[in-house]
>>> print(open('my_file09.cif').read())   # mmCIF, C-alpha atoms
data_coords
#
loop_
_atom_site.label_atom_id
_atom_site.label_comp_id
_atom_site.auth_asym_id
_atom_site.auth_seq_id
_atom_site.Cartn_x
_atom_site.Cartn_y
_atom_site.Cartn_z
CA MET A 1 112.62 -23.06 -28.04
CA SER A 2 112.55 -19.69 -26.36
CA ILE A 3 112.14 -16.40 -28.18
CA GLU A 4 115.83 -15.74 -27.48
CA ALA A 5 116.86 -18.97 -29.19
CA PHE A 6 114.62 -18.07 -32.10
CA LYS A 7 116.33 -14.69 -32.38
CA SER A 8 119.78 -16.23 -32.37
CA ARG A 9 119.17 -19.35 -34.44
CA VAL A 10 116.33 -18.67 -36.88
CA LEU A 11 116.18 -14.91 -37.48
CA PRO A 12 119.78 -14.64 -38.76
CA ALA A 13 118.87 -16.97 -41.64
CA LYS A 14 116.38 -14.39 -42.93
CA ASP A 15 118.62 -13.09 -45.73
CA LYS A 16 119.36 -16.53 -47.15
CA LEU A 17 115.70 -17.42 -46.92
CA TYR A 18 114.71 -14.17 -48.60
CA ARG A 19 117.16 -14.64 -51.48
CA PHE A 20 115.96 -18.18 -52.03
CA ALA A 21 112.32 -17.08 -52.05
CA LEU A 22 113.25 -14.21 -54.38
CA ARG A 23 114.94 -16.65 -56.77
CA LEU A 24 111.78 -18.74 -56.87
CA LEU A 25 109.12 -16.01 -56.88
CA LYS A 26 111.03 -13.19 -58.61
CA ASP A 27 109.06 -10.68 -56.58
CA GLU A 28 110.52 -8.84 -53.61
CA GLU A 29 107.25 -8.28 -51.73
CA GLU A 30 106.08 -11.85 -52.27
CA ALA A 31 109.46 -13.16 -51.16
CA LYS A 32 109.36 -11.08 -47.97
CA ASP A 33 105.86 -12.34 -47.27
CA ILE A 34 106.88 -15.94 -47.72
CA VAL A 35 109.89 -15.61 -45.43
CA GLN A 36 107.71 -14.11 -42.70
CA GLU A 37 105.23 -16.92 -43.14
CA ALA A 38 108.03 -19.47 -42.98
CA MET A 39 109.42 -17.94 -39.76
CA ILE A 40 106.02 -18.13 -38.09
CA ARG A 41 105.64 -21.69 -39.23
CA VAL A 42 109.05 -22.58 -37.82
CA TRP A 43 108.12 -20.89 -34.54
CA ASN A 44 104.85 -22.80 -34.30
CA LYS A 45 106.63 -26.07 -35.00
CA ARG A 46 109.50 -25.34 -32.63
CA ALA A 47 108.59 -28.42 -30.60
CA GLU A 48 109.70 -30.60 -33.52
CA MET A 49 112.91 -28.67 -33.92
CA HIS A 50 115.16 -31.17 -32.16
CA THR A 51 114.36 -33.73 -34.88
CA TYR A 52 116.02 -31.49 -37.46
CA LEU A 53 119.78 -31.52 -37.33
CA ASN A 54 120.24 -28.54 -39.58
CA MET A 55 118.00 -25.66 -38.62
CA GLU A 56 118.93 -23.55 -41.63
CA ALA A 57 118.23 -26.37 -44.08
CA TRP A 58 114.88 -26.94 -42.43
CA CYS A 59 113.97 -23.24 -42.74
CA MET A 60 115.05 -23.27 -46.39
CA ARG A 61 112.82 -26.23 -46.99
CA VAL A 62 109.84 -24.47 -45.45
CA VAL A 63 110.50 -21.42 -47.63
CA ARG A 64 110.77 -23.59 -50.72
CA ASN A 65 107.50 -25.39 -50.04
CA LEU A 66 105.65 -22.17 -49.31
CA SER A 67 107.10 -20.50 -52.41
CA LEU A 68 106.14 -23.38 -54.68
CA ASP A 69 102.63 -23.37 -53.20
CA ARG A 70 102.39 -19.65 -53.85
CA LEU A 71 103.57 -20.15 -57.42
CA LYS A 72 100.97 -22.84 -57.95
CA SER A 73 98.10 -20.92 -56.39
CA LYS A 74 98.82 -17.66 -58.14
CA GLN A 75 99.98 -19.14 -61.41
CA PHE A 76 102.68 -16.57 -61.79
CA ASN A 77 103.05 -15.54 -65.39
CA ASN A 78 106.20 -15.38 -67.46
CA SER A 79 106.39 -11.61 -67.29
CA ARG A 80 108.02 -12.09 -63.91
CA LEU A 81 111.01 -13.69 -65.57
CA ASP A 82 112.33 -10.22 -66.30
CA VAL A 83 112.72 -9.21 -62.72
CA THR A 84 114.50 -5.90 -62.17
CA TYR A 85 118.22 -6.30 -61.82
CA ASN A 86 120.03 -3.95 -59.47
CA LEU A 87 123.72 -3.38 -59.96
CA SER A 88 125.99 -2.90 -57.01
CA ALA A 89 129.31 -4.20 -58.28
CA PRO A 90 132.49 -3.59 -56.27
CA ALA A 91 135.06 -0.95 -57.28
CA ILE A 92 136.29 -1.63 -60.82
CA SER A 93 137.45 0.56 -63.69
CA PRO A 94 134.75 2.16 -65.92
CA GLU A 95 135.64 0.06 -68.99
CA GLU A 96 135.56 -3.15 -67.01
CA ARG A 97 132.40 -2.07 -65.33
CA THR A 98 130.41 -1.89 -68.54
CA GLU A 99 131.58 -5.26 -69.78
CA ILE A 100 131.26 -7.10 -66.47
CA ASP A 101 127.95 -5.42 -65.73
CA ASP A 102 126.61 -6.54 -69.08
CA THR A 103 127.77 -10.06 -68.36
CA MET A 104 126.17 -10.01 -64.92
CA GLU A 105 122.86 -8.81 -66.24
CA ASN A 106 122.96 -11.43 -68.96
CA ILE A 107 123.70 -14.15 -66.39
CA HIS A 108 120.83 -12.95 -64.21
CA HIS A 109 118.29 -13.30 -66.99
CA PHE A 110 119.81 -16.56 -68.15
CA ILE A 111 119.60 -18.18 -64.71
CA ALA A 112 116.02 -16.94 -64.34
CA LYS A 113 115.11 -19.02 -67.40
CA LEU A 114 116.78 -22.22 -66.20
CA PRO A 115 114.54 -25.14 -65.18
CA GLU A 116 113.15 -24.76 -61.66
CA LYS A 117 115.35 -27.39 -60.02
CA GLN A 118 118.57 -26.16 -61.63
CA ARG A 119 117.75 -22.60 -60.67
CA GLN A 120 117.22 -23.60 -57.04
CA ILE A 121 120.46 -25.58 -56.96
CA ILE A 122 122.50 -22.71 -58.48
CA GLN A 123 121.06 -20.43 -55.82
CA LEU A 124 121.80 -22.82 -52.97
CA ARG A 125 125.28 -23.84 -54.11
CA ASP A 126 126.84 -20.98 -56.05
CA ILE A 127 125.30 -18.11 -54.15
CA GLU A 128 124.68 -19.47 -50.66
CA GLY A 129 127.43 -22.09 -50.54
CA PHE A 130 125.46 -25.05 -49.17
CA SER A 131 126.96 -28.55 -49.36
CA TYR A 132 125.43 -31.17 -51.67
CA LYS A 133 124.09 -32.98 -48.64
CA GLU A 134 122.39 -29.84 -47.32
CA ILE A 135 120.91 -29.06 -50.74
CA GLY A 136 119.62 -32.62 -50.88
CA ALA A 137 117.94 -32.12 -47.51
CA ILE A 138 116.37 -28.83 -48.60
CA LEU A 139 115.12 -30.05 -51.96
CA ASN A 140 114.36 -33.60 -50.85
CA LEU A 141 116.78 -35.09 -53.39
CA ASP A 142 119.75 -37.39 -52.98
CA ALA A 143 123.23 -35.85 -53.26
CA ASN A 144 123.88 -37.47 -56.67
CA ASN A 145 120.73 -36.00 -58.12
CA VAL A 146 121.81 -32.60 -56.81
CA LYS A 147 125.20 -32.97 -58.45
CA VAL A 148 123.72 -34.03 -61.81
CA ASN A 149 121.38 -31.04 -61.83
CA LEU A 150 124.14 -28.67 -60.78
CA PHE A 151 126.35 -30.00 -63.57
CA ARG A 152 123.62 -29.37 -66.13
CA ALA A 153 123.01 -25.90 -64.79
CA ARG A 154 126.69 -24.92 -64.80
CA LYS A 155 127.13 -26.39 -68.26
CA ALA A 156 124.22 -24.30 -69.55
CA VAL A 157 125.60 -21.18 -67.86
CA ARG A 158 129.06 -21.83 -69.34
CA GLU A 159 127.66 -22.30 -72.84
CA ASN A 160 125.70 -19.12 -72.47
CA LEU A 161 128.82 -17.27 -71.32
CA LEU A 162 130.78 -18.59 -74.32
CA LYS A 163 128.04 -17.37 -76.62
CA ILE A 164 128.23 -13.84 -75.30
CA ASN A 165 131.95 -14.05 -74.88
CA ALA A 166 134.31 -12.66 -77.49
CA TYR A 167 137.65 -13.62 -76.03
CA GLY A 168 137.42 -14.88 -72.47
CA LEU A 169 136.36 -18.32 -71.35
CA GLU A 170 137.70 -20.46 -74.21
CA ALA A 171 141.11 -20.10 -72.61
CA ASN A 172 139.82 -21.77 -69.44
CA MET B 1 147.07 -14.93 -56.95
CA ASP B 2 148.44 -17.86 -58.90
CA LEU B 3 146.56 -17.88 -62.22
CA LYS B 4 147.38 -21.54 -62.76
CA ARG B 5 145.58 -22.37 -59.57
CA ILE B 6 142.61 -20.21 -60.61
CA ASN B 7 142.43 -22.02 -63.95
CA LEU B 8 142.56 -25.36 -62.17
CA LEU B 9 139.84 -24.31 -59.73
CA LEU B 10 137.69 -23.06 -62.62
CA GLU B 11 138.07 -26.41 -64.35
CA ARG B 12 137.06 -28.18 -61.14
CA TYR B 13 134.15 -25.76 -60.80
CA TRP B 14 132.76 -26.49 -64.30
CA ASN B 15 133.07 -30.23 -63.65
CA CYS B 16 131.31 -29.95 -60.29
CA VAL B 17 134.20 -31.48 -58.36
CA SER B 18 135.26 -28.31 -56.52
CA THR B 19 134.57 -27.97 -52.80
CA VAL B 20 132.60 -25.14 -51.23
CA GLU B 21 135.90 -23.66 -50.00
CA GLU B 22 137.44 -23.73 -53.48
CA GLU B 23 134.38 -22.01 -54.87
CA GLU B 24 134.71 -19.36 -52.17
CA GLU B 25 138.32 -18.88 -53.27
CA LEU B 26 137.14 -18.27 -56.84
CA LYS B 27 134.56 -15.75 -55.66
CA ALA B 28 137.22 -13.94 -53.61
CA PHE B 29 139.64 -13.84 -56.55
CA PHE B 30 137.14 -12.56 -59.11
CA ASN B 31 135.83 -9.93 -56.70
CA SER B 32 139.34 -8.67 -55.92
CA GLY B 33 139.42 -6.32 -58.95
CA ARG B 34 142.73 -7.68 -60.27
CA VAL B 35 141.27 -9.93 -62.95
CA PRO B 36 143.05 -10.48 -66.30
CA ALA B 37 141.11 -9.29 -69.35
CA ARG B 38 140.62 -12.79 -70.75
CA MET B 39 138.82 -13.85 -67.56
CA GLN B 40 136.28 -11.01 -67.56
CA LYS B 41 133.30 -13.26 -68.33
CA ALA B 42 134.11 -15.74 -65.58
CA ALA B 43 134.60 -12.71 -63.34
CA GLY B 44 131.11 -11.57 -64.33
CA LEU B 45 129.70 -14.90 -63.17
CA PHE B 46 131.44 -14.96 -59.79
CA ARG B 47 130.78 -11.28 -59.19
CA TYR B 48 127.15 -11.97 -59.96
CA PHE B 49 127.10 -14.70 -57.32
CA ALA B 50 128.72 -12.43 -54.75
CA GLN B 51 126.43 -9.55 -55.62
CA GLN B 52 123.31 -11.68 -55.33
CA LYS B 53 124.34 -12.56 -51.81
CA GLN B 54 124.04 -8.94 -50.77
CA ALA B 55 120.26 -8.80 -50.90
CA GLY B 56 118.60 -9.11 -47.53
CA LEU B 57 115.90 -8.02 -45.14
CA ASP B 58 116.10 -5.10 -42.70
CA GLU B 59 115.34 -4.58 -39.01
CA LYS B 60 111.71 -3.83 -39.78
CA PHE B 61 111.31 -7.40 -40.90
CA ASP B 62 112.61 -8.72 -37.56
CA GLN B 63 110.19 -6.49 -35.69
CA ALA B 64 107.28 -7.64 -37.85
CA VAL B 65 108.14 -11.30 -37.25
CA LEU B 66 108.61 -10.86 -33.50
CA ALA B 67 105.33 -8.94 -33.27
CA ARG B 68 103.55 -11.78 -35.03
CA ILE B 69 105.17 -14.31 -32.72
CA LYS B 70 103.84 -12.38 -29.73
CA GLN B 71 100.38 -12.59 -31.27
CA GLU B 72 100.80 -16.32 -31.79
CA GLN B 73 101.93 -16.72 -28.19
CA ALA B 74 98.89 -14.82 -26.93
CA ALA B 75 96.67 -17.00 -29.09
CA ALA B 76 98.45 -20.11 -27.84
CA VAL B 77 97.74 -19.14 -24.22
CA THR B 78 93.99 -19.02 -24.85
CA ASN B 79 94.22 -22.25 -26.80
CA THR B 80 95.86 -24.12 -23.94
CA TYR B 81 93.11 -22.99 -21.56
CA ALA B 82 90.32 -24.05 -23.90
CA PRO B 83 90.49 -27.81 -23.25
CA TRP B 84 90.56 -27.12 -19.54
CA LYS B 85 87.31 -25.16 -19.94
CA ASN B 86 85.80 -28.08 -21.81
CA TYR B 87 86.63 -30.42 -18.94
CA LEU B 88 84.93 -27.97 -16.64
CA ARG B 89 81.79 -28.19 -18.74
CA VAL B 90 81.86 -31.97 -18.61
CA ALA B 91 82.41 -31.87 -14.85
CA ALA B 92 79.44 -29.53 -14.43
CA VAL B 93 77.17 -31.87 -16.40
CA ILE B 94 78.32 -34.85 -14.31
CA LEU B 95 77.68 -32.88 -11.13
CA VAL B 96 74.14 -32.05 -12.26
CA ILE B 97 73.45 -35.71 -13.04
CA ILE B 98 74.81 -36.87 -9.67
CA THR B 99 72.77 -34.26 -7.78
CA ALA B 100 69.62 -35.15 -9.71
CA SER B 101 70.07 -38.86 -9.06
CA LEU B 102 70.72 -38.25 -5.36
CA VAL B 103 67.60 -36.13 -5.02
CA PHE B 104 65.57 -38.70 -6.91
CA ARG B 105 66.94 -41.54 -4.78
CA MET B 106 66.22 -39.66 -1.56
CA GLU B 107 62.64 -38.92 -2.59
CA TYR B 108 62.04 -42.46 -3.75
CA TRP B 109 63.58 -44.26 -0.80
CA GLU B 110 62.00 -41.95 1.79
CA GLY B 111 58.58 -42.78 0.35
CA GLU B 112 59.12 -46.49 1.03
CA LYS B 113 59.94 -46.00 4.73
CA PRO B 114 57.14 -46.26 7.45
CA PRO B 115 55.95 -42.83 8.59
CA THR B 116 57.62 -41.63 11.75
CA LEU B 117 55.52 -40.86 14.88
CA LEU B 118 54.40 -37.27 15.07
CA VAL B 119 54.17 -37.18 18.83
CA GLU B 120 56.56 -38.78 21.18
CA ASP B 121 55.87 -40.02 24.69
CA THR B 122 56.48 -37.32 27.25
CA TYR B 123 56.25 -39.37 30.46
CA LYS B 124 57.76 -42.61 31.46
CA THR B 125 54.77 -44.16 33.35
CA PRO B 126 51.00 -43.99 32.62
CA GLU B 127 50.33 -42.85 36.23
CA GLU B 128 52.52 -39.86 35.81
CA ALA B 129 50.81 -39.05 32.53
CA TYR B 130 47.39 -39.45 34.08
CA ALA B 131 48.28 -37.11 36.96
CA GLU B 132 49.59 -34.51 34.57
CA THR B 133 46.54 -34.81 32.30
CA LYS B 134 44.25 -34.43 35.27
CA LYS B 135 46.18 -31.36 36.36
CA ALA B 136 45.82 -29.93 32.89
CA PHE B 137 42.04 -30.55 32.80
CA LEU B 138 41.65 -28.92 36.20
CA LEU B 139 43.52 -25.90 34.99
CA ILE B 140 41.28 -25.72 31.93
CA ALA B 141 38.16 -26.09 34.13
CA GLU B 142 39.29 -23.39 36.49
CA LYS B 143 40.07 -20.99 33.68
CA LEU B 144 36.80 -21.86 32.02
CA HIS B 145 34.98 -21.03 35.27
CA THR B 146 36.67 -17.65 35.46
CA GLY B 147 35.67 -17.11 31.85
CA ARG B 148 32.06 -17.95 32.62
CA LYS B 149 31.92 -15.29 35.41
CA GLN B 150 33.03 -12.69 32.91
CA ALA B 151 30.58 -13.98 30.36
CA GLU B 152 27.73 -13.66 32.88
CA ARG B 153 28.57 -9.99 33.30
CA ILE B 154 28.38 -9.53 29.57
CA GLY B 155 25.01 -11.37 29.76
CA ILE B 156 23.66 -8.68 32.13
CA LEU B 157 24.81 -6.00 29.76
CA SER B 158 23.12 -7.60 26.77
CA GLU B 159 19.93 -8.06 28.76
CA ALA B 160 19.93 -4.38 29.55
CA GLU B 161 20.52 -3.59 25.91
CA ASN B 162 17.55 -5.73 24.89
CA LYS B 163 15.34 -3.93 27.32
CA ILE B 164 16.35 -0.58 25.86
CA LYS B 165 15.66 -1.78 22.33
CA GLN B 166 12.20 -3.00 23.37
CA PRO B 167 10.66 -0.03 25.21
CA LYS B 168 7.31 -1.86 25.68
CA ASN B 169 8.82 -3.97 28.35
CA ILE B 170 9.87 -1.00 30.39
CA LYS B 171 7.57 -0.42 33.23
CA ARG B 172 6.33 3.02 33.44
#
>>> encode(input="my_file09.cif", output="structure tokens")
Amino acid sequence: MSIEAFKSRVLPAKDKLYRFALRLLKDEEEAKDIVQEAMIRVWNKRAEMHTYLNMEAWCMRVVRNLSLDRLKSKQFNNSRLDVTYNLSAPAISPEERTEIDDTMENIHHFIAKLPEKQRQIIQLRDIEGFSYKEIGAILNLDANNVKVNLFRARKAVRENLLKINAYGLEAN
Amino acid sequence: MDLKRINLLLERYWNCVSTVEEEEELKAFFNSGRVPARMQKAAGLFRYFAQQKQAGLDEKFDQAVLARIKQEQAAAVTNTYAPWKNYLRVAAVILVIITASLVFRMEYWEGEKPPTLLVEDTYKTPEEAYAETKKAFLLIAEKLHTGRKQAERIGILSEAENKIKQPKNIKR
């Protein structure tokens, strides 16, 4: 693969890779580091690239493995669970803003406390929009296993929402 | 948007039977800003997903990665030449061994051969050789004779010198 192909096929995935690493490591600098490392690794293994049908899924997998290694080696402590949460919600009325912002912040901290696998699957499906098959390829799981874990994660999120909810989701 | 459809999609979402496209539709609806009050919490969830997708890496990151790739490429160039250099070393050793064995063989085998004649025959027949030898001796004799004449003159000189050194012999 030429440097041009790398620029057009691998580099554009940087944001997805970064968000995934951030979800796992909960540290912006660490996540950036890991993505850079992953990109270099992908570049060095570019000869094997044709064996991977989905370049993005392969990159995600590299990021995941590197992130988990980093977590293991550094033994990240639980204080990182409360990662800073930056609000940048779209234009909504001030009253709505407070309520929705509260909900969003609550969801953020709730997802951060989900089991590792569920957290990864929520990130890959609900935020990045990967298919079950792609998620299976990234996490080395079969599609059914992905679906079961996603179901558990969404169920937990829904229950949490109902808990903090005064009058909303019951209707759905 | 049709709220019935949104409710249906939400139900499909919680049961993990919705497609990626349907989930995108939910995200689009809840981020549109025209969300009924009773759906605020679900809106919080889908706005959270959309908001989390905004995080990313800047141009500086690309530059850092590309700079590192250049480094890797430079390192790779020296790496590919290294084995070639090793072969050169091996070749040099083989060359030394071959040269040494050749020299040894030459020395050894030469020693076994009969010594070659130092002087070769100059003339074809003995008569010719005899005539030439005779001519050579005559030349030597002639030159020797000339030499003797000169030597006799020196003899006179030395005689005179002796007489001077021994004054007794001088007749008064």
>>> resolve_selection(input="my_file09.cif", expression="the PyMOL selection byres ((chain B) within 7 of (chain A))", output="VMD selection string")
chain B and resid 7 14 to 16 20 33 38 to 42 44 to 45 48 to 53 55 to 57 65 69
>>> atom_distance(input="my_file09.cif", atom1="CA of Glu56 (chain A)", atom2="CA of Leu141 (chain A)")
16.6 Å
>>> closest_residue(input="my_file09.cif", among="A:Leu24, A:Val42, A:Met60, A:Leu68", to="Leu114 (chain A)", atoms="all atoms listed in the file")
A:Leu24
>>> atom_distance(input="my_file09.cif", atom1="CA of Gly155 (chain B)", atom2="CA of Phe137 (chain B)")
25.8 Å
>>> atom_distance(input="my_file09.cif", atom1="CA of Arg47 (chain B)", atom2="CA of Leu10 (chain B)")
14.1 Å
>>> resolve_selection(input="my_file09.cif", expression="the PyMOL selection byres ((chain A and resi 138) around 8)", output="ChimeraX atom specification")
/A:57-58,60-61,64,134-137,139-141
>>> closest_residue(input="my_file09.cif", among="A:Arg9, A:Lys163, A:Ile111, A:Leu124", to="Met55 (chain A)", atoms="only C-alpha atoms")
A:Arg9
>>> build_atoms(input="my_file09.cif", residues="region 144-170 of chain B", atoms="N, CA and C atoms", output="PDB file, in the frame of the given file")
ATOM      1  N   LEU B 144      38.104 -21.922  32.683  1.00  0.00           N
ATOM      2  CA  LEU B 144      36.800 -21.860  32.020  1.00  0.00           C
ATOM      3  C   LEU B 144      35.773 -21.218  32.961  1.00  0.00           C
ATOM      4  N   HIS B 145      35.881 -21.572  34.245  1.00  0.00           N
ATOM      5  CA  HIS B 145      34.980 -21.030  35.270  1.00  0.00           C
ATOM      6  C   HIS B 145      35.137 -19.506  35.364  1.00  0.00           C
ATOM      7  N   THR B 146      36.392 -19.074  35.429  1.00  0.00           N
ATOM      8  CA  THR B 146      36.670 -17.650  35.460  1.00  0.00           C
ATOM      9  C   THR B 146      36.060 -16.997  34.237  1.00  0.00           C
ATOM     10  N   GLY B 147      36.198 -17.624  33.119  1.00  0.00           N
ATOM     11  CA  GLY B 147      35.670 -17.110  31.850  1.00  0.00           C
ATOM     12  C   GLY B 147      34.154 -16.994  31.923  1.00  0.00           C
ATOM     13  N   ARG B 148      33.525 -17.971  32.529  1.00  0.00           N
ATOM     14  CA  ARG B 148      32.060 -17.950  32.620  1.00  0.00           C
ATOM     15  C   ARG B 148      31.582 -16.736  33.421  1.00  0.00           C
ATOM     16  N   LYS B 149      32.290 -16.458  34.561  1.00  0.00           N
ATOM     17  CA  LYS B 149      31.920 -15.290  35.410  1.00  0.00           C
ATOM     18  C   LYS B 149      31.892 -14.018  34.563  1.00  0.00           C
ATOM     19  N   GLN B 150      32.931 -13.869  33.769  1.00  0.00           N
ATOM     20  CA  GLN B 150      33.030 -12.690  32.910  1.00  0.00           C
ATOM     21  C   GLN B 150      31.886 -12.676  31.913  1.00  0.00           C
ATOM     22  N   ALA B 151      31.631 -13.876  31.368  1.00  0.00           N
ATOM     23  CA  ALA B 151      30.580 -13.980  30.360  1.00  0.00           C
ATOM     24  C   ALA B 151      29.218 -13.622  30.947  1.00  0.00           C
ATOM     25  N   GLU B 152      29.006 -13.994  32.218  1.00  0.00           N
ATOM     26  CA  GLU B 152      27.730 -13.660  32.880  1.00  0.00           C
ATOM     27  C   GLU B 152      27.534 -12.155  32.952  1.00  0.00           C
ATOM     28  N   ARG B 153      28.649 -11.450  33.231  1.00  0.00           N
ATOM     29  CA  ARG B 153      28.570  -9.990  33.300  1.00  0.00           C
ATOM     30  C   ARG B 153      28.147  -9.411  31.962  1.00  0.00           C
ATOM     31  N   ILE B 154      28.739  -9.978  30.911  1.00  0.00           N
ATOM     32  CA  ILE B 154      28.380  -9.530  29.570  1.00  0.00           C
ATOM     33  C   ILE B 154      26.899  -9.816  29.322  1.00  0.00           C
ATOM     34  N   GLY B 155      26.433 -10.995  29.893  1.00  0.00           N
ATOM     35  CA  GLY B 155      25.010 -11.370  29.760  1.00  0.00           C
ATOM     36  C   GLY B 155      24.112 -10.304  30.330  1.00  0.00           C
ATOM     37  N   ILE B 156      24.462  -9.741  31.490  1.00  0.00           N
ATOM     38  CA  ILE B 156      23.660  -8.680  32.130  1.00  0.00           C
ATOM     39  C   ILE B 156      23.604  -7.476  31.197  1.00  0.00           C
ATOM     40  N   LEU B 157      24.732  -7.158  30.655  1.00  0.00           N
ATOM     41  CA  LEU B 157      24.810  -6.000  29.760  1.00  0.00           C
ATOM     42  C   LEU B 157      23.879  -6.169  28.567  1.00  0.00           C
ATOM     43  N   SER B 158      23.927  -7.379  27.985  1.00  0.00           N
ATOM     44  CA  SER B 158      23.120  -7.600  26.770  1.00  0.00           C
ATOM     45  C   SER B 158      21.636  -7.607  27.096  1.00  0.00           C
ATOM     46  N   GLU B 159      21.328  -8.087  28.313  1.00  0.00           N
ATOM     47  CA  GLU B 159      19.930  -8.060  28.760  1.00  0.00           C
ATOM     48  C   GLU B 159      19.422  -6.621  28.830  1.00  0.00           C
ATOM     49  N   ALA B 160      20.274  -5.794  29.429  1.00  0.00           N
ATOM     50  CA  ALA B 160      19.930  -4.380  29.550  1.00  0.00           C
ATOM     51  C   ALA B 160      19.742  -3.749  28.181  1.00  0.00           C
ATOM     52  N   GLU B 161      20.593  -4.146  27.279  1.00  0.00           N
ATOM     53  CA  GLU B 161      20.520  -3.590  25.910  1.00  0.00           C
ATOM     54  C   GLU B 161      19.205  -4.000  25.243  1.00  0.00           C
ATOM     55  N   ASN B 162      18.811  -5.226  25.474  1.00  0.00           N
ATOM     56  CA  ASN B 162      17.550  -5.730  24.890  1.00  0.00           C
ATOM     57  C   ASN B 162      16.364  -4.944  25.424  1.00  0.00           C
ATOM     58  N   LYS B 163      16.445  -4.685  26.692  1.00  0.00           N
ATOM     59  CA  LYS B 163      15.340  -3.930  27.320  1.00  0.00           C
ATOM     60  C   LYS B 163      15.231  -2.542  26.714  1.00  0.00           C
ATOM     61  N   ILE B 164      16.363  -1.917  26.445  1.00  0.00           N
ATOM     62  CA  ILE B 164      16.350  -0.580  25.860  1.00  0.00           C
ATOM     63  C   ILE B 164      15.771  -0.614  24.443  1.00  0.00           C
ATOM     64  N   LYS B 165      16.156  -1.670  23.708  1.00  0.00           N
ATOM     65  CA  LYS B 165      15.660  -1.780  22.330  1.00  0.00           C
ATOM     66  C   LYS B 165      14.157  -2.057  22.275  1.00  0.00           C
ATOM     67  N   GLN B 166      13.631  -2.704  23.341  1.00  0.00           N
ATOM     68  CA  GLN B 166      12.200  -3.000  23.370  1.00  0.00           C
ATOM     69  C   GLN B 166      11.532  -2.154  24.480  1.00  0.00           C
ATOM     70  N   PRO B 167      11.171  -0.944  24.188  1.00  0.00           N
ATOM     71  CA  PRO B 167      10.660  -0.030  25.210  1.00  0.00           C
ATOM     72  C   PRO B 167       9.339  -0.490  25.848  1.00  0.00           C
ATOM     73  N   LYS B 168       8.584  -1.379  25.129  1.00  0.00           N
ATOM     74  CA  LYS B 168       7.310  -1.860  25.680  1.00  0.00           C
ATOM     75  C   LYS B 168       7.490  -2.533  27.020  1.00  0.00           C
ATOM     76  N   ASN B 169       8.583  -3.213  27.121  1.00  0.00           N
ATOM     77  CA  ASN B 169       8.820  -3.970  28.350  1.00  0.00           C
ATOM     78  C   ASN B 169       9.195  -3.095  29.555  1.00  0.00           C
ATOM     79  N   ILE B 170       9.468  -1.872  29.279  1.00  0.00           N
ATOM     80  CA  ILE B 170       9.870  -1.000  30.390  1.00  0.00           C
ATOM     81  C   ILE B 170       8.609  -0.563  31.162  1.00  0.00           C
TER      82      ILE B 170
END
